[in-house]
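A short worksheet on the structure shown next.
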Amino acid sequence: MKKIFNFIGILLLLLIVAGSLFYFINNEPLPEGKKGKDADALAIKMFNALDGNAFENTEILKWSFRNKHFYTWNKRENIVHISWDQYKVTLHTKQPEKSELYIDGKLSNNQELINRAQNFFNNDSFWLIAHYKIFDPGTERRIVKHNNKDALLITYTSGGSTPGDSYLWILDDNYLPTSFKMWASIIPIGGVSATWSNLKNTKSGIKLPTKHTLSLFGLEIPMGNVRAYNEKADELAHKILNAIKHEKYKKTRYLEWSFGVRRHFKCDKVKHVVDVSWDTIRVNLFTKEIEKSTVFFNGKLQDKAHSTIVKKAWNIFNNDSFWLVAPHKLFENGILRSIQKQDDKDALLVKYTTGGSTPGDSYLWTLDSNYMPKSYKIFVPSMKMNGISATWEDWITTESGTLLPTNHKFSSGRNLSMGTIKGYN
């Protein structure tokens, strides 16, 4: 028996020594870093690279944590549906007293389990959206040199379940996170790292991680089928399309209009060909096969279509058609939709991430009581346009049955006419 106790004692001693060695080899002290404008500037670059504004406008997020805890978070309503084992909790994040617990489908008042759900959410949501929490109340930002590159140290002085934790974000050349190092109270070793590189583009425009791998024993944290989308915004966009008879627009083959009387268009939507004319120039523009485009000067076909003229016709068409049919393009690829309040009413914010001549533009649509567009605010960073407003008015019903606007008025008082509009088959 004495030998057994001696063996156990030696084994425990070896484990303690091994653990101590592992701690001293792997433990890293918290870097000091420097607060101030440089740290905030780096944080802003990271926030913009991740489209932090899209996160602010995201309505619903879905994910799981290690295939054990499952979440549907209605961020706009501040409600989280959490399930694990035989438990389901409806957590009201702003009014916790309204939270409800169901055990095997039966309502229960077990506050301990509700508190456990709150702690699960605090932890598990952090592994989903920590990269969007760098400007949360109670955060401190410091800039730190890591492998001769700038890294961002975030310290949470309040909030969550474990205030006081710090995370060092490692960024790539585009300021997107690739990993972070942790100094957290629940992890005894400082500087444990976790990957943050498996980012998925979601429907709401934000980037969410699908899994993480920790440097500590190679542990993996799967996040399940991560999703983020804007349900109410999509409902509002569909109401706009119904109001302007979008189904009729989709079946309309020919559109004719002019832009400020200076430029004239006839578009064949089926063949993807647009006749664009201005001054003494006419371009037969093939929008899907631009190399087939032809150019006319004073009515005479040119032997070779000059690329500069074709490019100009392409840019003119992108701009001028937008003023005719933008409300019909709310669900095209590369478009993000979200809701913002405008005069205490829901307005539709539309951001174009791809396509056109100036991707990155945003437009905030205001609507009348029938969901008809009546104006929008224009945000075009490349042209330093920040909230310029323009009306959408004098809508007509075309021969094909769709609705199109004939006039726009700017906040400066300038009027933009779309000329005599035709839509037919």
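For the structure tokens, the naming scheme is as follows: chains receive sequential letters (A, B, ...) according to their order of presentation, residues are indexed from 1 within each chain, and ligands are indexed from 1 in presentation order.
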Test item: residues at most 9 Å from range 37-47 of chain A, only C-alpha atoms, excluding those fewer than 3 positions along its chain, as a PyMOL selection string
chain A and resi 33-34+50-53+131-132+134-135+141-144+150-153+171+174-177
Resulting file, chosen residues, N, CA and C atoms, as an mmCIF file, in the first residue's frame:
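Output saved as result_39.cif:
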```cif
data_model
loop_
_atom_site.group_PDB
_atom_site.id
_atom_site.type_symbol
_atom_site.label_atom_id
_atom_site.label_comp_id
_atom_site.auth_asym_id
_atom_site.auth_seq_id
_atom_site.Cartn_x
_atom_site.Cartn_y
_atom_site.Cartn_z
ATOM 1 N N GLY A 33 1.023 48.221 -24.728
ATOM 2 C CA GLY A 33 0.384 48.968 -25.788
ATOM 3 C C GLY A 33 0.259 50.451 -25.476
ATOM 4 N N LYS A 34 -0.296 51.180 -26.439
ATOM 5 C CA LYS A 34 -0.427 52.628 -26.285
ATOM 6 C C LYS A 34 -1.815 53.070 -26.717
ATOM 7 N N LEU A 50 -14.541 45.277 -41.946
ATOM 8 C CA LEU A 50 -15.577 44.301 -41.605
ATOM 9 C C LEU A 50 -16.984 44.816 -41.892
ATOM 10 N N ASP A 51 -17.104 46.059 -42.371
ATOM 11 C CA ASP A 51 -18.387 46.737 -42.566
ATOM 12 C C ASP A 51 -19.179 46.734 -41.258
ATOM 13 N N GLY A 52 -18.623 47.427 -40.287
ATOM 14 C CA GLY A 52 -19.264 47.510 -38.985
ATOM 15 C C GLY A 52 -20.646 48.119 -39.021
ATOM 16 N N ASN A 53 -20.901 49.020 -39.973
ATOM 17 C CA ASN A 53 -22.239 49.617 -40.082
ATOM 18 C C ASN A 53 -23.273 48.552 -40.441
ATOM 19 N N HIS A 131 -15.246 40.492 -33.100
ATOM 20 C CA HIS A 131 -14.571 41.440 -33.992
ATOM 21 C C HIS A 131 -15.407 42.682 -34.270
ATOM 22 N N TYR A 132 -16.701 42.658 -33.919
ATOM 23 C CA TYR A 132 -17.555 43.838 -34.063
ATOM 24 C C TYR A 132 -17.741 44.592 -32.736
ATOM 25 N N ILE A 134 -15.326 46.066 -30.848
ATOM 26 C CA ILE A 134 -14.123 46.818 -30.492
ATOM 27 C C ILE A 134 -14.420 48.261 -30.080
ATOM 28 N N PHE A 135 -15.656 48.721 -30.315
ATOM 29 C CA PHE A 135 -16.047 50.061 -29.869
ATOM 30 C C PHE A 135 -17.184 50.002 -28.843
ATOM 31 N N ARG A 141 -8.820 50.725 -26.164
ATOM 32 C CA ARG A 141 -8.073 50.302 -27.355
ATOM 33 C C ARG A 141 -6.622 50.757 -27.238
ATOM 34 N N ARG A 142 -5.710 49.838 -27.535
ATOM 35 C CA ARG A 142 -4.283 50.150 -27.528
ATOM 36 C C ARG A 142 -3.644 49.567 -28.779
ATOM 37 N N ILE A 143 -2.638 50.224 -29.269
ATOM 38 C CA ILE A 143 -1.897 49.713 -30.413
ATOM 39 C C ILE A 143 -0.629 49.020 -29.898
ATOM 40 N N VAL A 144 -0.365 47.828 -30.438
ATOM 41 C CA VAL A 144 0.735 46.994 -29.980
ATOM 42 C C VAL A 144 1.511 46.505 -31.196
ATOM 43 N N ASP A 150 1.442 46.387 -36.704
ATOM 44 C CA ASP A 150 0.498 46.927 -35.736
ATOM 45 C C ASP A 150 -0.610 45.915 -35.449
ATOM 46 N N ALA A 151 -0.885 45.694 -34.178
ATOM 47 C CA ALA A 151 -1.995 44.861 -33.738
ATOM 48 C C ALA A 151 -2.836 45.677 -32.767
ATOM 49 N N LEU A 152 -4.084 45.260 -32.584
ATOM 50 C CA LEU A 152 -5.031 46.042 -31.785
ATOM 51 C C LEU A 152 -5.377 45.291 -30.504
ATOM 52 N N LEU A 153 -5.057 45.887 -29.374
ATOM 53 C CA LEU A 153 -5.362 45.302 -28.066
ATOM 54 C C LEU A 153 -6.646 45.925 -27.526
ATOM 55 N N LEU A 171 -4.093 41.353 -37.486
ATOM 56 C CA LEU A 171 -4.793 41.743 -38.711
ATOM 57 C C LEU A 171 -3.943 41.455 -39.937
ATOM 58 N N ASN A 174 -5.278 43.875 -45.185
ATOM 59 C CA ASN A 174 -6.537 44.569 -45.452
ATOM 60 C C ASN A 174 -7.284 44.908 -44.162
ATOM 61 N N TYR A 175 -6.621 44.723 -43.024
ATOM 62 C CA TYR A 175 -7.151 45.033 -41.693
ATOM 63 C C TYR A 175 -8.272 44.095 -41.262
ATOM 64 N N LEU A 176 -8.333 42.928 -41.901
ATOM 65 C CA LEU A 176 -9.260 41.886 -41.459
ATOM 66 C C LEU A 176 -8.566 41.016 -40.417
ATOM 67 N N PRO A 177 -9.308 40.567 -39.391
ATOM 68 C CA PRO A 177 -8.680 39.753 -38.345
ATOM 69 C C PRO A 177 -8.323 38.358 -38.857
#
```
Find the residues around Tyr371 in chain A up to 12 Å (only C-alpha atoms counted), leave out those fewer than 6 positions away in its own chain, and share them as a PyMOL selection string.
chain A and resi 235-245+327+345-348+365
CA of Ile60 in chain A to CA of Thr72 in chain A, straight-line distance in Å
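Pair CA of Thr72 in chain A / CA of Ile60 in chain A returns 7.1 Å.
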Just give me the gap between CA of Phe317 in chain A and CA of Val274 in chain A in Å, one decimal is fine.
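Interatomic distance here is 8.2 Å.
Residues within 8 Å of Ile114 in chain A, counting only C-alpha atoms and excluding same-chain residues fewer than 4 positions away, are Val89, Leu91, Ser99, Glu100, Leu101, Asn110 and Gln118 of chain A.
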Atoms to include: N, CA and C atoms. Write the selected residues as a PDB file, in the first residue's frame.
```
ATOM      1  N   VAL A  89     -34.779  28.652 -23.849  1.00  0.00           N
ATOM      2  CA  VAL A  89     -34.910  29.921 -23.142  1.00  0.00           C
ATOM      3  C   VAL A  89     -35.141  31.040 -24.143  1.00  0.00           C
ATOM      4  N   LEU A  91     -34.596  34.702 -24.131  1.00  0.00           N
ATOM      5  CA  LEU A  91     -33.855  35.651 -23.317  1.00  0.00           C
ATOM      6  C   LEU A  91     -34.094  37.066 -23.827  1.00  0.00           C
ATOM      7  N   SER A  99     -37.702  37.223 -19.431  1.00  0.00           N
ATOM      8  CA  SER A  99     -37.174  35.984 -20.012  1.00  0.00           C
ATOM      9  C   SER A  99     -38.003  34.779 -19.555  1.00  0.00           C
ATOM     10  N   GLU A 100     -38.082  33.766 -20.436  1.00  0.00           N
ATOM     11  CA  GLU A 100     -38.873  32.572 -20.142  1.00  0.00           C
ATOM     12  C   GLU A 100     -38.045  31.319 -20.377  1.00  0.00           C
ATOM     13  N   LEU A 101     -38.311  30.298 -19.569  1.00  0.00           N
ATOM     14  CA  LEU A 101     -37.625  29.012 -19.662  1.00  0.00           C
ATOM     15  C   LEU A 101     -38.650  27.903 -19.864  1.00  0.00           C
ATOM     16  N   ASN A 110     -37.313  28.423 -13.184  1.00  0.00           N
ATOM     17  CA  ASN A 110     -35.983  28.138 -12.639  1.00  0.00           C
ATOM     18  C   ASN A 110     -35.013  29.238 -13.059  1.00  0.00           C
ATOM     19  N   GLN A 118     -28.030  33.028 -19.931  1.00  0.00           N
ATOM     20  CA  GLN A 118     -27.412  34.347 -20.122  1.00  0.00           C
ATOM     21  C   GLN A 118     -25.900  34.225 -20.224  1.00  0.00           C
TER      22      GLN A 118
END
```
List every residue of range 174-298 of chain A that DSSP, applied to the backbone of this structure, assigns to strand (DSSP E or B), and report them as a ChimeraX atom specification.
/A:177-183,192-195,199-201,207-209,211-214,220-222,227-229,254-259,263-268,273-278,281-286,294-297
Export C-alpha atoms of the chosen residues as a compact mmCIF listing (two decimals), in the first residue's frame?
```
# COMPACT_ATOMS: atom_id res chain seq x y z
CA PRO A 177 -8.68 39.75 -38.34
CA THR A 178 -6.78 36.49 -38.76
CA SER A 179 -6.51 35.57 -35.06
CA PHE A 180 -6.45 36.96 -31.56
CA LYS A 181 -4.52 36.31 -28.35
CA MET A 182 -6.41 36.12 -25.08
CA TRP A 183 -5.80 37.24 -21.53
CA VAL A 192 -3.48 31.67 -25.83
CA SER A 193 -4.38 32.32 -29.46
CA ALA A 194 -7.43 31.44 -31.54
CA THR A 195 -7.86 31.63 -35.29
CA LEU A 199 -14.98 34.26 -42.14
CA LYS A 200 -18.23 33.77 -44.06
CA ASN A 201 -19.98 36.55 -45.99
CA LYS A 207 -18.50 38.52 -41.93
CA LEU A 208 -18.90 35.76 -39.35
CA PRO A 209 -16.47 33.00 -38.32
CA LYS A 211 -14.93 27.88 -36.60
CA HIS A 212 -11.91 28.65 -34.43
CA THR A 213 -8.80 26.65 -33.62
CA LEU A 214 -7.02 27.33 -30.33
CA GLU A 220 -11.49 23.45 -32.23
CA ILE A 221 -14.68 25.46 -31.70
CA PRO A 222 -17.23 24.96 -34.52
CA ARG A 227 -26.27 33.13 -40.76
CA ALA A 228 -27.12 36.84 -40.60
CA TYR A 229 -29.96 38.49 -42.48
CA TYR A 254 -38.36 47.85 -74.21
CA LEU A 255 -37.64 51.00 -72.23
CA GLU A 256 -37.22 54.50 -73.69
CA TRP A 257 -36.29 57.66 -71.83
CA SER A 258 -33.96 60.64 -71.80
CA PHE A 259 -31.77 62.16 -69.12
CA ARG A 263 -28.93 61.97 -73.47
CA HIS A 264 -31.40 59.52 -74.98
CA PHE A 265 -31.88 55.79 -74.55
CA LYS A 266 -33.72 52.82 -75.99
CA CYS A 267 -33.10 49.57 -74.15
CA ASP A 268 -33.92 46.03 -75.25
CA VAL A 273 -28.67 46.00 -76.01
CA VAL A 274 -29.03 49.75 -75.38
CA ASP A 275 -29.03 52.52 -77.94
CA VAL A 276 -27.24 55.44 -76.21
CA SER A 277 -27.05 58.83 -77.94
CA TRP A 278 -25.69 62.24 -77.01
CA ILE A 281 -22.65 60.29 -81.06
CA ARG A 282 -24.74 57.12 -80.93
CA VAL A 283 -23.51 53.87 -79.40
CA ASN A 284 -25.20 50.53 -79.85
CA LEU A 285 -24.10 49.17 -76.48
CA PHE A 286 -24.08 45.42 -75.83
CA THR A 294 -20.73 49.77 -82.33
CA VAL A 295 -20.26 53.55 -82.57
CA PHE A 296 -21.87 56.08 -84.94
CA PHE A 297 -20.69 59.68 -85.56
```
